[in-house]
Amino acid sequence: MMAPSQTAGSAVDPDDLDDRLRRFATIWSRAVYPVTATSLTRAEVEEHLLPLARQLSESLHARTFDPRTAQRIGAALIDAHCTDPEALAGTLGVIDAYLVLYCGPGTGTAPDRAPETETAAEESRARCARLQHALAAGFAQGLRERTLAEQEAIARSSLRARSDAVSALHATEARLRAVFEGAAIGIWIADLEGNVLEVNETLTRMFGGLEQHVRSKKVSEWSHPEDRPHIWQLYRELIRGEREHFRAEKPFFRQDGTVLWTNLTVSLLRDPEGRPQYQLALLEDTTERRLLNLRLRYEATHDALTGLPNRTLFFERLEKALSSGDDSRFGLCYLDLDGFKAINDSLGHATGDRLLVEVADRLQSCATAPGEMVARLGGDEFVALTTGPETEHEVGELAARILGALAAPIRVDGREFSVRGSIGIVEGPAAERTTAEVLRSADITMYRAKSAGGNRYEIADPELDARAITRHGLTTALPAALERGEFFIEYQPLVHMDDGSVHGAEALVRWSHPQHGVLGPDQFIPLAEHTGLIVPLGRWVLQEAVRQARFWQEHHADGGPLRINVNLSPTQLHHPGLVRDTVAVLERSGLEPGALCLEVTESALIGADEGLLRPLRQLADLGVDIALDDFGTGYSNLANLRRLPVSVLKLDRSFTKGMQHLPVDPVDLKIVEGIVSLAHSLELAVTVEGVETGAQADQLRELGCDTAQGWYYARPGPPDQLHALSLADAV
């Protein structure tokens, strides 16, 4: 059964929530009904489980996790006669498989909202695991209380029977002895001074088989260092007759020094006048169960591969650290191994796993001080946490120790590996940020370290975090922005340098963002490149620019601008539909190929093979001009110009910036003069970018540049601005 695909971020429809809870309760009832001893129908069991399902959903989304809700749900299953172990196993299986699916973050939300982060999803799964653990504890506690209540009732009945009429004394004593000796739990009877009067065989076995060892001590002497503080206070209240019974988990020392863990129930027995007379103790041996629970707890909170604490335990420790007092601080190192995927892909996961085990051992040796821990979040991601008043200095030292520990080569299967890591550090006062905020900041900072070359650590910076979050928001909003028509184009004129007439225009895309205002291409084009959206966005820019150029030609007496320049990104160059899409756009608009110029950056063509140049050659053969943009910034071999299918060189503004004011550096003049001469010798036109002053324009005209663009002529603007410039030239 699958839940509808929905995204996180908006309010949940109550009807939809009720429907999903109903389906969850249906699955739950089908799991437990076959093993439940009840006269109810399955539909009636489902109605009984529906409010419990709602409580589970509310606990999953609660701001602060409270295990008592899940414990009460486990006890409620016992009250509903779902006492079979299979009922518990079925319940845990249903919660594990379906609770987050039907009730977790990301369900029941509007389709135009951003998907929740991977960290929030991992927190929901960790919360679900904790709910299962608490429910199982509540189930076990409810079953234990039910069993103890029944057994206590039996024991009480047995003791009361001893005071029955003399005529039934022998029969009653026989029954009492049978119950007393045959009970599955340990029983002792003591007077109010604590002298043990009687013990059954089960209790004797629990303490090692020596009855005298039990009888030789008073009850008050059975203390243990791990006793809960209130247990002896409860015992004194019972002896004084202030309470009838109490229950507690209590450890005892056996004669051989080992520890016996029990669920202890002590009840007060009164004489016929109601005065306290004896104390009755029932002891259930829980030693093996406790060891099993500890083992299950360990397995649930530690990584199976490395033995390090896992995500669940780490989040518990981090939440505890962040909820400490105002004076406490914390430091977090978020580590990701550099290049680990290549090891997995080339040598296999078995080798990668052994490498991770060795890395884990080294990391664990770095965090041995009080308040420090290392955990594995998954894959090749690890975290180190330190707490205390001096974390501002200690966390940097911890990160340095980690990088130092990884510096030595690691040998696996006869091979030697050099392991590097990138670390993001978050440090600060506790109680100022949530767990999700800390992990998000650490993750962003870690990727900043990786982008800086890796094998280093970076410290979180709120301003840089905000920029990264903004970039992420822009990235996720890009597809919808294109569909909603939030992009528009401004045009900057290309001017003939000999007479100042408008030669054409370059199309420059802008994003009218609802929150951030108008964004330039440098703010979103790299994001579009990274996500692949640059292909449909570039296709839209080409369509709009060509359509506008055709409009100018049809509504201007002199034919309007002669050429429209459109930028091509490296990703578009590799797209197999480049030629087909370009030809289709030209044919639909009716614009001649010669009126279109596609600009390709020099860096995109450095070392380009024939496969990459082929679509450009095909377009050039059709009559489309190809311009080499930002020429001079890519350190390409000038001799390569002969093999490129370009007809225009666009000289980067860095070469002409020094010409904005007189006197001009002679070296700048020689460089530009040489490039222009070389271009003309190869029959290439030269366009200059970034012309901002008249002096600059005059110098470039004397050097023989063909066309130019820049703020000296006009800033990028709407199409009507360029139309007006063209009309002025015509006049």
# chains A, B, ... in the order shown; residues from 1 in each chain; ligands from 1
>>> residues_around(residues="Gly453 (chain A)", least_positions_apart="3", cutoff="12 Å", atoms="only C-alpha atoms", output="list in words")
Asp338, Gly339, Arg420, Gly421, Ser422, Ile423, Met446, Tyr447, Arg448, Ala449, Lys450, Arg456, Tyr457 and Glu458 of chain A
>>> write_last_selection(atoms="N, CA, C and O atoms", output="short mmCIF file (atom, residue, chain, number, x, y, z; two decimals), in the first residue's frame")
data_model
loop_
_atom_site.label_atom_id
_atom_site.label_comp_id
_atom_site.auth_asym_id
_atom_site.auth_seq_id
_atom_site.Cartn_x
_atom_site.Cartn_y
_atom_site.Cartn_z
N ASP A 338 37.13 12.51 1.52
CA ASP A 338 37.29 13.00 0.14
C ASP A 338 37.61 11.83 -0.78
O ASP A 338 38.55 11.07 -0.54
N GLY A 339 36.82 11.69 -1.84
CA GLY A 339 37.10 10.69 -2.86
C GLY A 339 36.79 9.26 -2.46
O GLY A 339 37.24 8.32 -3.12
N ARG A 420 41.86 11.37 2.87
CA ARG A 420 41.71 12.79 3.19
C ARG A 420 40.27 13.05 3.62
O ARG A 420 39.37 12.29 3.26
N GLY A 421 40.08 14.10 4.35
CA GLY A 421 38.73 14.41 4.81
C GLY A 421 38.49 15.91 4.84
O GLY A 421 39.41 16.70 4.98
N SER A 422 37.23 16.28 4.68
CA SER A 422 36.80 17.67 4.79
C SER A 422 35.91 17.79 6.02
O SER A 422 35.00 16.97 6.21
N ILE A 423 36.17 18.79 6.86
CA ILE A 423 35.47 18.92 8.13
C ILE A 423 34.79 20.29 8.21
O ILE A 423 35.41 21.31 7.93
N MET A 446 31.01 21.89 5.90
CA MET A 446 31.84 20.78 5.41
C MET A 446 32.00 20.86 3.89
O MET A 446 33.10 20.69 3.35
N TYR A 447 30.92 21.16 3.17
CA TYR A 447 31.01 21.26 1.72
C TYR A 447 31.82 22.49 1.30
O TYR A 447 32.45 22.50 0.24
N ARG A 448 31.83 23.50 2.15
CA ARG A 448 32.69 24.65 1.86
C ARG A 448 34.16 24.24 1.96
O ARG A 448 35.00 24.65 1.14
N ALA A 449 34.49 23.41 2.96
CA ALA A 449 35.86 22.90 3.09
C ALA A 449 36.21 22.02 1.90
O ALA A 449 37.34 22.06 1.38
N LYS A 450 35.25 21.22 1.46
CA LYS A 450 35.50 20.34 0.31
C LYS A 450 35.72 21.15 -0.96
O LYS A 450 36.58 20.84 -1.78
N ARG A 456 40.95 19.62 4.93
CA ARG A 456 41.02 20.82 5.76
C ARG A 456 39.72 20.94 6.54
O ARG A 456 38.78 20.20 6.31
N TYR A 457 39.69 21.90 7.47
CA TYR A 457 38.43 22.17 8.15
C TYR A 457 38.10 23.65 8.00
O TYR A 457 38.97 24.49 7.83
N GLU A 458 36.81 23.91 8.01
CA GLU A 458 36.31 25.27 7.97
C GLU A 458 35.37 25.46 9.17
O GLU A 458 34.72 24.52 9.62
#
>>> residues_around(residues="region 254-269 of chain A", least_positions_apart="5", cutoff="6 Å", atoms="only C-alpha atoms", output="list in words")
Phe207, Glu244, His245, Phe246, Arg247, Ala248, Glu249, Gln277, Tyr278, Gln279, Leu280, Ala281, Leu282, Leu283, Glu284, Asp285, Thr286 and Thr287 of chain A
>>> write_last_selection(atoms="N, CA and C atoms", output="CSV table (one decimal), in the first residue's frame")
chain,number,residue,atom,x,y,z
A,207,PHE,N,19.1,-16.6,44.0
A,207,PHE,CA,20.3,-16.1,44.8
A,207,PHE,C,21.4,-17.1,44.9
A,244,GLU,N,0.3,0.4,51.1
A,244,GLU,CA,0.0,-1.0,51.1
A,244,GLU,C,1.0,-1.8,50.3
A,245,HIS,N,1.6,-1.2,49.3
A,245,HIS,CA,2.6,-1.9,48.5
A,245,HIS,C,3.4,-0.9,47.6
A,246,PHE,N,4.5,-1.4,47.1
A,246,PHE,CA,5.2,-0.6,46.1
A,246,PHE,C,6.0,-1.5,45.1
A,247,ARG,N,6.3,-1.0,44.0
A,247,ARG,CA,7.0,-1.7,43.0
A,247,ARG,C,8.2,-0.9,42.5
A,248,ALA,N,9.3,-1.7,42.2
A,248,ALA,CA,10.5,-1.0,41.7
A,248,ALA,C,11.4,-2.0,41.1
A,249,GLU,N,12.3,-1.5,40.2
A,249,GLU,CA,13.3,-2.3,39.7
A,249,GLU,C,14.5,-2.3,40.7
A,277,GLN,N,1.5,-6.6,59.9
A,277,GLN,CA,2.0,-7.8,60.6
A,277,GLN,C,3.2,-8.4,59.8
A,278,TYR,N,3.1,-8.6,58.5
A,278,TYR,CA,4.2,-9.1,57.7
A,278,TYR,C,4.4,-8.3,56.5
A,279,GLN,N,5.5,-8.6,55.8
A,279,GLN,CA,5.7,-8.0,54.5
A,279,GLN,C,6.0,-9.2,53.5
A,280,LEU,N,5.3,-9.1,52.4
A,280,LEU,CA,5.4,-10.1,51.3
A,280,LEU,C,6.1,-9.5,50.1
A,281,ALA,N,7.2,-10.2,49.7
A,281,ALA,CA,8.0,-9.7,48.6
A,281,ALA,C,7.9,-10.7,47.4
A,282,LEU,N,7.7,-10.2,46.2
A,282,LEU,CA,7.6,-11.0,45.0
A,282,LEU,C,8.8,-10.5,44.1
A,283,LEU,N,9.6,-11.4,43.7
A,283,LEU,CA,10.8,-11.0,42.9
A,283,LEU,C,10.8,-11.7,41.6
A,284,GLU,N,10.7,-11.0,40.5
A,284,GLU,CA,10.8,-11.5,39.1
A,284,GLU,C,12.2,-11.3,38.6
A,285,ASP,N,12.9,-12.4,38.3
A,285,ASP,CA,14.3,-12.3,37.7
A,285,ASP,C,14.3,-11.7,36.3
A,286,THR,N,14.9,-10.5,36.2
A,286,THR,CA,14.9,-9.8,34.9
A,286,THR,C,16.3,-9.7,34.4
A,287,THR,N,17.2,-10.4,35.0
A,287,THR,CA,18.7,-10.3,34.6
A,287,THR,C,18.9,-10.5,33.1
>>> closest_residue(among="A:Glu299, A:Met373, A:Thr64, A:Val419", to="Leu332 (chain A)", atoms="only C-alpha atoms")
A:Met373
>>> atom_distance(atom1="CA of Ala129 (chain A)", atom2="CA of Leu101 (chain A)")
13.5 Å
>>> select_by_dssp(residues="region 305-539 of chain A", states="strand (DSSP E)", output="number ranges by chain")
A: 329-338, 372-378, 381-387, 410-412, 415-417, 420-429, 456-459, 487-496, 502-513, 517-519
>>> residues_around(residues="region 233-236 of chain A", least_positions_apart="3", cutoff="9 Å", atoms="only C-alpha atoms", output="number ranges by chain")
A: 220, 229-230, 239-243, 245-246, 266
>>> decode(residues="region 316-354 of chain A", atoms="N, CA and C atoms", output="PDB file, in the first residue's frame")
ATOM      1  N   GLU A 316      20.692  11.791  20.140  1.00  0.00           N
ATOM      2  CA  GLU A 316      20.341  11.857  21.562  1.00  0.00           C
ATOM      3  C   GLU A 316      21.376  12.688  22.323  1.00  0.00           C
ATOM      4  N   ARG A 317      22.665  12.422  22.070  1.00  0.00           N
ATOM      5  CA  ARG A 317      23.719  13.158  22.773  1.00  0.00           C
ATOM      6  C   ARG A 317      23.704  14.640  22.384  1.00  0.00           C
ATOM      7  N   LEU A 318      23.494  14.896  21.092  1.00  0.00           N
ATOM      8  CA  LEU A 318      23.488  16.290  20.651  1.00  0.00           C
ATOM      9  C   LEU A 318      22.297  17.041  21.234  1.00  0.00           C
ATOM     10  N   GLU A 319      21.128  16.403  21.241  1.00  0.00           N
ATOM     11  CA  GLU A 319      19.959  17.046  21.841  1.00  0.00           C
ATOM     12  C   GLU A 319      20.195  17.337  23.324  1.00  0.00           C
ATOM     13  N   LYS A 320      20.832  16.390  24.006  1.00  0.00           N
ATOM     14  CA  LYS A 320      21.137  16.599  25.420  1.00  0.00           C
ATOM     15  C   LYS A 320      22.104  17.761  25.599  1.00  0.00           C
ATOM     16  N   ALA A 321      23.120  17.828  24.722  1.00  0.00           N
ATOM     17  CA  ALA A 321      24.099  18.919  24.817  1.00  0.00           C
ATOM     18  C   ALA A 321      23.444  20.268  24.538  1.00  0.00           C
ATOM     19  N   LEU A 322      22.540  20.307  23.567  1.00  0.00           N
ATOM     20  CA  LEU A 322      21.909  21.571  23.208  1.00  0.00           C
ATOM     21  C   LEU A 322      20.860  22.011  24.226  1.00  0.00           C
ATOM     22  N   SER A 323      20.395  21.093  25.045  1.00  0.00           N
ATOM     23  CA  SER A 323      19.391  21.444  26.060  1.00  0.00           C
ATOM     24  C   SER A 323      20.023  21.692  27.423  1.00  0.00           C
ATOM     25  N   SER A 324      21.348  21.783  27.475  1.00  0.00           N
ATOM     26  CA  SER A 324      22.041  22.021  28.744  1.00  0.00           C
ATOM     27  C   SER A 324      21.844  23.468  29.195  1.00  0.00           C
ATOM     28  N   GLY A 325      22.456  23.807  30.292  1.00  0.00           N
ATOM     29  CA  GLY A 325      22.295  25.141  30.875  1.00  0.00           C
ATOM     30  C   GLY A 325      22.870  26.235  29.994  1.00  0.00           C
ATOM     31  N   ASP A 326      22.603  27.471  30.409  1.00  0.00           N
ATOM     32  CA  ASP A 326      23.000  28.632  29.617  1.00  0.00           C
ATOM     33  C   ASP A 326      24.512  28.775  29.496  1.00  0.00           C
ATOM     34  N   ASP A 327      25.266  28.284  30.467  1.00  0.00           N
ATOM     35  CA  ASP A 327      26.718  28.481  30.456  1.00  0.00           C
ATOM     36  C   ASP A 327      27.461  27.402  29.672  1.00  0.00           C
ATOM     37  N   SER A 328      26.792  26.349  29.268  1.00  0.00           N
ATOM     38  CA  SER A 328      27.468  25.256  28.583  1.00  0.00           C
ATOM     39  C   SER A 328      27.621  25.572  27.097  1.00  0.00           C
ATOM     40  N   ARG A 329      28.629  24.940  26.497  1.00  0.00           N
ATOM     41  CA  ARG A 329      28.906  25.115  25.076  1.00  0.00           C
ATOM     42  C   ARG A 329      29.089  23.741  24.440  1.00  0.00           C
ATOM     43  N   PHE A 330      29.090  23.743  23.116  1.00  0.00           N
ATOM     44  CA  PHE A 330      29.301  22.500  22.385  1.00  0.00           C
ATOM     45  C   PHE A 330      30.151  22.799  21.150  1.00  0.00           C
ATOM     46  N   GLY A 331      30.809  21.762  20.644  1.00  0.00           N
ATOM     47  CA  GLY A 331      31.555  21.868  19.390  1.00  0.00           C
ATOM     48  C   GLY A 331      31.313  20.615  18.570  1.00  0.00           C
ATOM     49  N   LEU A 332      31.063  20.786  17.287  1.00  0.00           N
ATOM     50  CA  LEU A 332      30.737  19.664  16.402  1.00  0.00           C
ATOM     51  C   LEU A 332      31.640  19.686  15.182  1.00  0.00           C
ATOM     52  N   CYS A 333      32.245  18.538  14.882  1.00  0.00           N
ATOM     53  CA  CYS A 333      33.041  18.368  13.663  1.00  0.00           C
ATOM     54  C   CYS A 333      32.302  17.396  12.750  1.00  0.00           C
ATOM     55  N   TYR A 334      31.940  17.859  11.573  1.00  0.00           N
ATOM     56  CA  TYR A 334      31.221  17.035  10.594  1.00  0.00           C
ATOM     57  C   TYR A 334      32.231  16.645   9.508  1.00  0.00           C
ATOM     58  N   LEU A 335      32.558  15.346   9.429  1.00  0.00           N
ATOM     59  CA  LEU A 335      33.624  14.862   8.549  1.00  0.00           C
ATOM     60  C   LEU A 335      33.051  14.068   7.392  1.00  0.00           C
ATOM     61  N   ASP A 336      33.518  14.380   6.194  1.00  0.00           N
ATOM     62  CA  ASP A 336      33.199  13.586   5.013  1.00  0.00           C
ATOM     63  C   ASP A 336      34.521  13.246   4.315  1.00  0.00           C
ATOM     64  N   LEU A 337      34.723  11.950   4.029  1.00  0.00           N
ATOM     65  CA  LEU A 337      35.969  11.532   3.386  1.00  0.00           C
ATOM     66  C   LEU A 337      35.995  12.000   1.936  1.00  0.00           C
ATOM     67  N   ASP A 338      37.134  12.511   1.518  1.00  0.00           N
ATOM     68  CA  ASP A 338      37.290  12.999   0.143  1.00  0.00           C
ATOM     69  C   ASP A 338      37.606  11.827  -0.783  1.00  0.00           C
ATOM     70  N   GLY A 339      36.815  11.693  -1.842  1.00  0.00           N
ATOM     71  CA  GLY A 339      37.101  10.686  -2.864  1.00  0.00           C
ATOM     72  C   GLY A 339      36.787   9.265  -2.461  1.00  0.00           C
ATOM     73  N   PHE A 340      36.010   9.057  -1.403  1.00  0.00           N
ATOM     74  CA  PHE A 340      35.729   7.687  -0.970  1.00  0.00           C
ATOM     75  C   PHE A 340      34.882   6.937  -1.995  1.00  0.00           C
ATOM     76  N   LYS A 341      33.995   7.631  -2.685  1.00  0.00           N
ATOM     77  CA  LYS A 341      33.137   6.977  -3.678  1.00  0.00           C
ATOM     78  C   LYS A 341      33.971   6.293  -4.760  1.00  0.00           C
ATOM     79  N   ALA A 342      35.083   6.919  -5.130  1.00  0.00           N
ATOM     80  CA  ALA A 342      35.938   6.319  -6.163  1.00  0.00           C
ATOM     81  C   ALA A 342      36.507   4.986  -5.691  1.00  0.00           C
ATOM     82  N   ILE A 343      36.816   4.881  -4.393  1.00  0.00           N
ATOM     83  CA  ILE A 343      37.327   3.613  -3.857  1.00  0.00           C
ATOM     84  C   ILE A 343      36.248   2.551  -3.910  1.00  0.00           C
ATOM     85  N   ASN A 344      35.043   2.895  -3.492  1.00  0.00           N
ATOM     86  CA  ASN A 344      33.935   1.943  -3.552  1.00  0.00           C
ATOM     87  C   ASN A 344      33.666   1.492  -4.975  1.00  0.00           C
ATOM     88  N   ASP A 345      33.654   2.463  -5.907  1.00  0.00           N
ATOM     89  CA  ASP A 345      33.308   2.141  -7.289  1.00  0.00           C
ATOM     90  C   ASP A 345      34.386   1.311  -7.974  1.00  0.00           C
ATOM     91  N   SER A 346      35.643   1.557  -7.636  1.00  0.00           N
ATOM     92  CA  SER A 346      36.731   0.879  -8.338  1.00  0.00           C
ATOM     93  C   SER A 346      37.141  -0.434  -7.683  1.00  0.00           C
ATOM     94  N   LEU A 347      37.119  -0.494  -6.349  1.00  0.00           N
ATOM     95  CA  LEU A 347      37.620  -1.682  -5.649  1.00  0.00           C
ATOM     96  C   LEU A 347      36.524  -2.482  -4.954  1.00  0.00           C
ATOM     97  N   GLY A 348      35.309  -1.963  -4.932  1.00  0.00           N
ATOM     98  CA  GLY A 348      34.208  -2.712  -4.337  1.00  0.00           C
ATOM     99  C   GLY A 348      33.904  -2.266  -2.922  1.00  0.00           C
ATOM    100  N   HIS A 349      32.688  -2.583  -2.487  1.00  0.00           N
ATOM    101  CA  HIS A 349      32.236  -2.141  -1.172  1.00  0.00           C
ATOM    102  C   HIS A 349      32.938  -2.883  -0.039  1.00  0.00           C
ATOM    103  N   ALA A 350      33.383  -4.106  -0.292  1.00  0.00           N
ATOM    104  CA  ALA A 350      34.073  -4.843   0.771  1.00  0.00           C
ATOM    105  C   ALA A 350      35.358  -4.121   1.174  1.00  0.00           C
ATOM    106  N   THR A 351      36.121  -3.674   0.178  1.00  0.00           N
ATOM    107  CA  THR A 351      37.334  -2.909   0.469  1.00  0.00           C
ATOM    108  C   THR A 351      36.984  -1.585   1.131  1.00  0.00           C
ATOM    109  N   GLY A 352      35.941  -0.941   0.616  1.00  0.00           N
ATOM    110  CA  GLY A 352      35.512   0.319   1.217  1.00  0.00           C
ATOM    111  C   GLY A 352      35.104   0.153   2.670  1.00  0.00           C
ATOM    112  N   ASP A 353      34.425  -0.969   2.983  1.00  0.00           N
ATOM    113  CA  ASP A 353      34.003  -1.201   4.368  1.00  0.00           C
ATOM    114  C   ASP A 353      35.204  -1.384   5.287  1.00  0.00           C
ATOM    115  N   ARG A 354      36.195  -2.138   4.827  1.00  0.00           N
ATOM    116  CA  ARG A 354      37.383  -2.337   5.667  1.00  0.00           C
ATOM    117  C   ARG A 354      38.127  -1.016   5.877  1.00  0.00           C
TER     118      ARG A 354
END
